[in-house]
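S.K.: Structure incoming, see below.
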Amino acid sequence: MLLGRITKIFITHLHGDHFFGLPGLLCTISLQSSPTTTKQPVDIYGPLGLRSFLWRTMELSHSKLLFPYVVHELVPKPDQCPVEEMKELSFVDRDDASPEEVRGKTIYLDPVEDTYALEDNGRFVMKAFRLFHRIPSFGFVVEEKPRAGKLNTQKLKELGVQPGPLYGQLKDGVPVVLENGITISPSDVLEDPFPGRKVCILGDCAGVVGDGAVALCREADLLVHEATLDDTQMDKAKEHGHSTPKMAAEFAKLCKAKTLVLSHFSQRYKPAGQAGEGDVAVTELKRQAELTLDGQDVVLAEDFMTINIPVKNQR
């Protein structure tokens with residue numbers, strides 16, 4: 001993927017190994033951007049405190065970007081981490097901003113849906129939900145909106161509508177009025193819509209908080225879930241705010257996710273071809289998750305992996 005095509009970045013939580021690389025990534029995108037081409041702003045979503053960190057880092061390093069960025073901060077709830085780890089971060093808010101930064105939104109939990117509404121841009125809906133970790137963590141959902149079904153061209157011809165601009169209006173959901181005064185509604189001539197695809201990502205966590213996550217992730221086409229330690233280390237995993245293959249698979253099963261991808265493995269698990277005597281191969285994590293999912297295939301994430309999600313047919 002070309003870095004210049006990145007327009008959205010999602011930060012799950014503020015542990016250094018998950019966000020210290022953000023300033024460098026933005027600078028690399030800028031270096032690979034053309035100074036003569038206007039690039040879209042990069043929207044960055046993450047926990048409260050991210051805006052201050054990024055602003056101070058860019059200012060102290062005298063970093064200049066060729067494009068604007070917008071930081072949208074999610075305000076966590078106290079039940080997302082141990083009580084002693086929850087910090088008051090209102091002091092990090094500020095009024096000044098770097099020339100490249102456009103002031104973003106401060107996003108609060110919707111108490112009815114138990115989710116965070118991030119963006120609805122016409123093609124996709126993006127939301128977040130609460131995770132439990134050593135510090136507040138968030139999961140993210142990107143869902144494609146249903147696409148309009150096929151036009152019933154035979155019916156349109158019977159109504160006296162010839163191929164042309166009116167077809168496009170109907171396809172876009174706009175009613176049309178014919179010269180004879182008859183109004184044609186899109187629902188009259190469109191077949192059932194094509195369902196959209198859904199991707200859910202759960203970063204570091206020992207589980208979800210509240211009911212919003214299950215509802216959001218229901219029937220996800222792709223669910224990415226951390227599995228830091230194997231099932232024999234479940235107590236240790238939970239103690240450190242992490243998950244095991246069984247925990248990830250149980251959540252995927254609850255959501256009826258179509259494909260589970262495990263990620264965030266401890267370095268103790270070796271690639272299958274590099275596991276020596278006494279080592280545990282990373283494929284053991286896959287086996288444990290598949291056992292919980294009654295044999296359903298599970299994918300082990302790799303750096304720069306690309307997974308194709310086929311376009312869905314009509315229901």
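Chain labels follow the order of the structure tokens: the first chain is A, the next B, and so on; residue numbering restarts at 1 in every chain, and ligands are counted from 1 in their shown order.
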Skipping near chain neighbours, those fewer than 6 positions away, what residues fall within 12 Å of stretch 178-187 of chain A using only C-alpha atoms, listed as a list in words?
M.R.: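 Near neighbours after the sequence-gap exclusion: Ala148, Gly149, Lys150, Leu151, Asn152, Lys155, Leu156, Leu159, Gly160, Val161, Gln162, Leu166, Tyr167, Gly168, Gln169, Leu170, Lys171, Asp172 and Pro193 of chain A.
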S.K.: For A:Leu260, list every protein, DNA or RNA residue within 9 Å, evaluated using only C-alpha atoms, and leave out those in the same chain fewer than 3 positions away; present the list as a PyMOL selection string.
M.R.: chain A and resi 221-225+248-249+252+257+289+296-300
S.K.: Rounded to one decimal, what separation in Å do you get between atom CA of A:Glu302 and atom CA of A:Ala281?
M.R.: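 Separation of atom CA of A:Glu302 and atom CA of A:Ala281: 14.3 Å.
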S.K.: Give the alpha helix (DSSP H) residues of stretch 69-249 of chain A, as assigned by DSSP on the backbone, as a ChimeraX atom specification.
M.R.: /A:153-158,165-171,186-189,212-217,234-239,245-249
